>>> print(open('input.cif').read())   # mmCIF, C-alpha atoms
data_entry
#
loop_
_atom_site.label_atom_id
_atom_site.label_comp_id
_atom_site.auth_asym_id
_atom_site.auth_seq_id
_atom_site.Cartn_x
_atom_site.Cartn_y
_atom_site.Cartn_z
CA MET A 17 4.75 -14.41 -12.88
CA SER A 18 8.19 -15.95 -12.53
CA SER A 19 9.28 -14.17 -15.70
CA VAL A 20 9.36 -10.88 -13.83
CA LEU A 21 12.60 -11.77 -12.08
CA ASP A 22 16.08 -12.40 -13.31
CA SER A 23 17.17 -15.98 -13.09
CA THR A 24 19.04 -15.20 -9.89
CA ASP A 25 16.52 -12.83 -8.32
CA GLY A 26 14.53 -15.52 -6.61
CA ALA A 27 17.51 -17.57 -5.54
CA GLY A 28 18.22 -17.87 -1.85
CA LEU A 29 15.20 -15.80 -0.80
CA THR A 30 13.24 -18.49 0.95
CA GLY A 31 13.85 -19.98 4.33
CA PRO A 32 12.87 -23.44 5.47
CA PRO A 33 9.14 -24.22 5.44
CA ALA A 34 7.19 -23.07 8.45
CA GLU A 35 6.68 -26.62 9.67
CA THR A 36 10.43 -27.07 10.13
CA GLU A 37 10.67 -24.05 12.40
CA ALA A 38 10.14 -23.97 16.12
CA GLY A 39 6.44 -23.85 16.89
CA GLU A 40 6.44 -20.30 18.20
CA ARG A 41 7.82 -18.72 15.03
CA PRO A 42 4.97 -19.48 12.64
CA LEU A 43 2.56 -18.61 15.45
CA SER A 44 4.27 -15.23 15.92
CA ALA A 45 3.96 -14.50 12.20
CA GLU A 46 0.30 -15.46 12.31
CA ARG A 47 -0.34 -13.23 15.31
CA MET A 48 1.33 -10.29 13.57
CA ILE A 49 -0.85 -10.84 10.52
CA PHE A 50 -4.02 -10.93 12.64
CA PHE A 51 -2.93 -7.81 14.50
CA SER A 52 -2.18 -5.99 11.25
CA ASP A 53 -5.54 -6.98 9.77
CA ALA A 54 -7.33 -5.68 12.87
CA VAL A 55 -5.50 -2.34 12.79
CA VAL A 56 -6.23 -1.87 9.09
CA ALA A 57 -9.90 -2.74 9.62
CA ILE A 58 -10.21 -0.17 12.41
CA ALA A 59 -8.46 2.51 10.33
CA MET A 60 -10.79 1.88 7.38
CA THR A 61 -13.79 2.14 9.70
CA LEU A 62 -12.54 5.41 11.19
CA LEU A 63 -12.40 6.90 7.70
CA ALA A 64 -16.19 6.92 7.58
CA LEU A 65 -16.79 8.46 11.01
CA GLU A 66 -16.04 12.02 9.89
CA LEU A 67 -18.22 11.92 6.78
CA PRO A 68 -20.84 14.69 6.79
CA VAL A 69 -24.33 13.32 7.34
CA PRO A 70 -27.05 15.21 5.44
CA ASP A 71 -30.06 16.09 7.58
CA GLY A 72 -32.24 17.91 5.07
CA ARG A 73 -35.99 17.89 5.68
CA ASP A 74 -36.90 17.50 2.02
CA ASN A 75 -35.40 15.91 -1.07
CA GLY A 76 -34.02 19.17 -2.46
CA GLU A 77 -32.22 20.05 0.75
CA MET A 78 -30.85 16.53 1.08
CA LEU A 79 -29.46 16.60 -2.45
CA ARG A 80 -27.95 20.05 -1.86
CA GLN A 81 -26.17 18.86 1.27
CA LEU A 82 -24.92 15.76 -0.50
CA ARG A 83 -23.45 17.96 -3.24
CA GLU A 84 -21.83 20.20 -0.65
CA GLY A 85 -20.19 17.17 0.97
CA SER A 86 -19.08 15.62 -2.32
CA GLU A 87 -15.42 16.52 -1.73
CA ASP A 88 -15.48 14.72 1.61
CA TYR A 89 -17.10 11.66 0.05
CA ILE A 90 -14.60 11.54 -2.82
CA THR A 91 -11.66 11.91 -0.44
CA PHE A 92 -13.09 9.11 1.69
CA LEU A 93 -13.25 6.84 -1.36
CA ILE A 94 -9.66 7.72 -2.29
CA SER A 95 -8.41 6.93 1.22
CA PHE A 96 -10.46 3.76 1.42
CA ALA A 97 -8.98 2.60 -1.90
CA VAL A 98 -5.43 3.51 -0.84
CA VAL A 99 -5.67 1.63 2.46
CA GLY A 100 -7.53 -1.25 0.82
CA VAL A 101 -4.87 -1.72 -1.85
CA GLN A 102 -2.12 -1.63 0.75
CA TRP A 103 -3.92 -4.18 2.91
CA PHE A 104 -4.40 -6.45 -0.10
CA SER A 105 -0.68 -6.20 -0.92
CA HIS A 106 0.18 -6.93 2.72
CA HIS A 107 -2.16 -9.93 2.80
CA ARG A 108 -0.84 -11.30 -0.49
CA LEU A 109 2.77 -10.93 0.68
CA PHE A 110 2.45 -12.36 4.18
CA GLU A 111 0.66 -15.50 3.10
CA HIS A 112 4.09 -16.49 1.76
CA VAL A 113 6.10 -15.48 4.87
CA ALA A 114 7.23 -18.50 6.88
CA ARG A 115 8.54 -16.79 10.00
CA LEU A 116 9.54 -13.48 11.56
CA GLY A 117 13.06 -12.17 11.72
CA GLY A 118 15.31 -9.14 11.45
CA GLY A 119 13.46 -5.85 11.69
CA LEU A 120 10.27 -7.17 10.15
CA VAL A 121 8.09 -6.45 13.19
CA ARG A 122 9.52 -2.93 13.50
CA TRP A 123 8.89 -2.03 9.85
CA ASN A 124 5.43 -3.57 10.00
CA LEU A 125 4.54 -1.44 13.04
CA LEU A 126 5.79 1.70 11.31
CA TRP A 127 3.76 0.80 8.23
CA LEU A 128 0.70 0.34 10.48
CA LEU A 129 1.41 3.77 11.98
CA THR A 130 0.92 5.37 8.56
CA ILE A 131 -2.30 3.40 8.11
CA VAL A 132 -3.61 4.60 11.48
CA VAL A 133 -2.65 8.20 10.64
CA THR A 134 -4.48 8.07 7.28
CA PRO A 135 -7.93 8.96 8.75
CA PHE A 136 -6.34 12.04 10.34
CA ALA A 137 -4.57 12.93 7.08
CA THR A 138 -7.88 12.52 5.26
CA ARG A 139 -9.58 15.03 7.59
CA VAL A 140 -6.66 17.42 7.07
CA LEU A 141 -6.99 17.11 3.30
CA THR A 142 -10.69 17.99 3.31
CA GLY A 143 -10.21 21.11 5.43
CA ASP A 144 -10.64 24.65 4.09
CA GLY A 145 -7.71 26.69 2.82
CA ALA A 146 -3.96 25.96 2.64
CA PHE A 147 -4.56 23.36 -0.06
CA GLU A 148 -0.87 22.88 -0.82
CA THR A 149 0.08 22.12 2.77
CA ARG A 150 -2.92 19.86 3.35
CA PHE A 151 -2.20 17.98 0.14
CA ALA A 152 1.49 17.60 1.03
CA ILE A 153 0.64 16.17 4.46
CA TYR A 154 -1.65 13.54 2.99
CA ALA A 155 0.69 12.61 0.14
CA GLY A 156 3.64 12.53 2.54
CA VAL A 157 1.87 10.03 4.81
CA GLN A 158 1.14 7.75 1.86
CA ALA A 159 4.67 8.04 0.47
CA LEU A 160 6.06 7.19 3.91
CA SER A 161 3.76 4.19 4.00
CA GLY A 162 5.28 3.01 0.73
CA VAL A 163 8.79 3.45 2.13
CA PHE A 164 8.04 1.34 5.21
CA PHE A 165 6.39 -1.36 3.10
CA SER A 166 9.48 -1.39 0.87
CA LEU A 167 11.62 -1.93 3.97
CA ILE A 168 9.38 -4.88 4.88
CA LEU A 169 10.10 -6.40 1.47
CA LEU A 170 13.81 -5.72 1.83
CA ASP A 171 13.96 -7.37 5.24
CA ILE A 172 12.05 -10.41 4.02
CA ARG A 173 14.59 -10.81 1.24
CA ARG A 174 17.65 -10.26 3.41
CA GLN A 175 16.49 -12.57 6.19
CA ARG A 176 15.15 -15.21 3.78
CA LEU A 177 11.76 -15.30 5.46
CA LEU A 178 9.67 -16.59 2.55
CA ARG A 179 8.25 -20.07 2.42
CA ALA A 180 10.03 -22.49 0.13
CA ASP A 181 6.95 -22.69 -2.10
CA ALA A 182 6.52 -18.91 -2.47
CA PRO A 183 6.24 -17.60 -6.07
CA ALA A 184 9.64 -16.53 -7.33
CA ASP A 185 8.45 -13.04 -8.25
CA VAL A 186 6.37 -12.18 -5.18
CA LEU A 187 8.94 -9.67 -3.92
CA ALA A 188 9.78 -8.20 -7.31
CA ARG A 189 6.18 -7.42 -8.18
CA GLY A 190 5.68 -5.87 -4.75
CA ARG A 191 8.73 -3.67 -5.23
CA TRP A 192 7.47 -2.35 -8.56
CA ARG A 193 4.00 -1.61 -7.19
CA LEU A 194 5.43 0.23 -4.21
CA ALA A 195 7.91 2.14 -6.36
CA VAL A 196 5.14 3.47 -8.60
CA MET A 197 2.87 4.35 -5.66
CA THR A 198 5.56 6.04 -3.61
CA LEU A 199 6.91 8.00 -6.56
CA ALA A 200 3.42 9.14 -7.57
CA PHE A 201 2.67 10.52 -4.11
CA LEU A 202 6.06 12.21 -3.89
CA VAL A 203 5.74 13.78 -7.33
CA SER A 204 2.23 15.00 -6.52
CA ILE A 205 3.54 17.19 -3.68
CA PRO A 206 5.40 19.77 -5.81
CA VAL A 207 2.68 19.51 -8.47
CA ALA A 208 0.12 20.56 -5.81
CA PHE A 209 1.95 23.87 -5.40
CA VAL A 210 1.34 24.56 -9.09
CA THR A 211 -2.17 23.21 -9.67
CA HIS A 212 -5.04 21.53 -7.85
CA TRP A 213 -4.96 18.91 -10.60
CA ALA A 214 -2.22 17.18 -8.63
CA TYR A 215 -4.86 14.56 -7.80
CA VAL A 216 -4.26 13.18 -11.29
CA CYS A 217 -0.94 11.79 -10.04
CA TRP A 218 -2.89 9.57 -7.63
CA VAL A 219 -5.51 8.55 -10.15
CA ALA A 220 -2.76 7.43 -12.52
CA ILE A 221 -1.21 5.00 -10.01
CA PRO A 222 -3.14 1.82 -11.00
CA PHE A 223 -2.72 2.49 -14.71
CA VAL A 224 1.01 3.21 -14.48
CA THR A 225 1.50 0.20 -12.21
CA ARG A 226 -0.23 -2.09 -14.70
CA ALA A 227 1.88 -0.72 -17.57
CA VAL A 228 5.14 -1.05 -15.64
CA LEU A 229 4.41 -4.64 -14.57
CA ALA A 230 3.48 -5.58 -18.13
CA LEU A 231 6.71 -4.04 -19.43
CA VAL A 232 8.82 -5.81 -16.83
CA GLN A 233 7.09 -9.09 -17.54
CA ARG A 234 7.75 -8.74 -21.29
CA ARG A 235 11.41 -8.02 -20.63
CA GLY A 236 11.60 -11.02 -18.35
CA SER A 237 10.01 -13.21 -21.02
CA ARG A 238 12.52 -12.06 -23.62
CA ARG A 239 15.38 -12.71 -21.22
CA SER A 240 14.07 -16.20 -20.51
CA ALA A 241 13.65 -16.93 -24.23
CA ALA A 242 17.12 -15.67 -25.14
CA PRO A 243 19.69 -18.43 -25.82
CA ALA A 244 22.22 -18.96 -23.07
#
>>> encode(input="input.cif", output="structure tokens")
Amino acid sequence: MSSVLDSTDGAGLTGPPAETEAGERPLSAERMIFFSDAVVAIAMTLLALELPVPDGRDNGEMLRQLREGSEDYITFLISFAVVGVQWFSHHRLFEHVARLGGGLVRWNLLWLLTIVVTPFATRVLTGDGAFETRFAIYAGVQALSGVFFSLILLDIRRQRLLRADAPADVLARGRWRLAVMTLAFLVSIPVAFVTHWAYVCWVAIPFVTRAVLALVQRRGSRRSAAPA
């Protein structure tokens, strides 16, 4: 993973290990992580509360109602995946954060705001009519989430909040993932005003992310192998 970064990209990013800090700082970071996990868990649970529940009296009617609610179920799965991926990225990042500092708490709260709003945006997206506006609201929330997460990464770098033993490329890989996600949601907004196939922009996110990371890693490997 270290090949993703330039030789200087990981320099000076880490602060002193958590055990060298005053006792309250690592505890504060831990409390923020627990709080963030709880908020994300609640938001993911709320996603399911608005799902239509079929109440057919026979198998045929049940299957018909399930088909009628298929758009709601698919949108739920999309939102669940989006929030889940963001939580996983947050968890993977903050296990390497030694302490809090700068505007980290502020950006984290704003990121959580977009997570909490996602169930609302999901209900908006599944409403009838005004597809373009509904789509833009949902995509805008997710793009804003990517922006706030990027600011978290930026603050961690500027304030040198990583543990000394953090992987050298933990921030770089996070930046690339967020760049692809944010750009995909932003691009999907004008596409939605042309075609309902704008959802393809979202579906492509994991595939484009994987390709971009592989490309960056190859470039990093070539740079590392090049003679000084």
>>> closest_residue(input="input.cif", among="A:Ile49, A:Val163, A:Ala97, A:Met60", to="Leu199 (chain A)", atoms="only C-alpha atoms")
A:Val163
>>> residues_around(input="input.cif", residues="Glu46 (chain A)", least_positions_apart="5", cutoff="10 Å", atoms="only C-alpha atoms", output="list in words")
Glu40, Arg41, Phe51, Ser52, Phe110, Glu111, Val113, Ala114, Arg115 and Leu116 of chain A
>>> closest_residue(input="input.cif", among="A:Asn75, A:Gln81, A:Ser95, A:Ser44", to="Arg139 (chain A)", atoms="all atoms listed in the file")
A:Ser95
>>> residues_near_point(input="input.cif", point="(4.5, 9.3, 4.2)", cutoff="10 Å", atoms="all atoms listed in the file", output="ChimeraX atom specification")
/A:127,130-131,133-134,152-164,198,201-202
>>> resolve_selection(input="input.cif", expression="the PyMOL selection byres ((chain A and resi 103) around 12)", output="ChimeraX atom specification")
/A:49-50,52-57,59-60,96-102,104-110,124,127-128,131,161-162,165
>>> residues_around(input="input.cif", residues="region 221-227 of chain A", least_positions_apart="5", cutoff="10 Å", atoms="all atoms listed in the file", output="list in words")
Val101, Arg189, Trp192, Arg193, Leu194, Ala195, Val196, Met197, Thr198, Leu199, Ala200, Phe201, Val216, Val232 and Gln233 of chain A
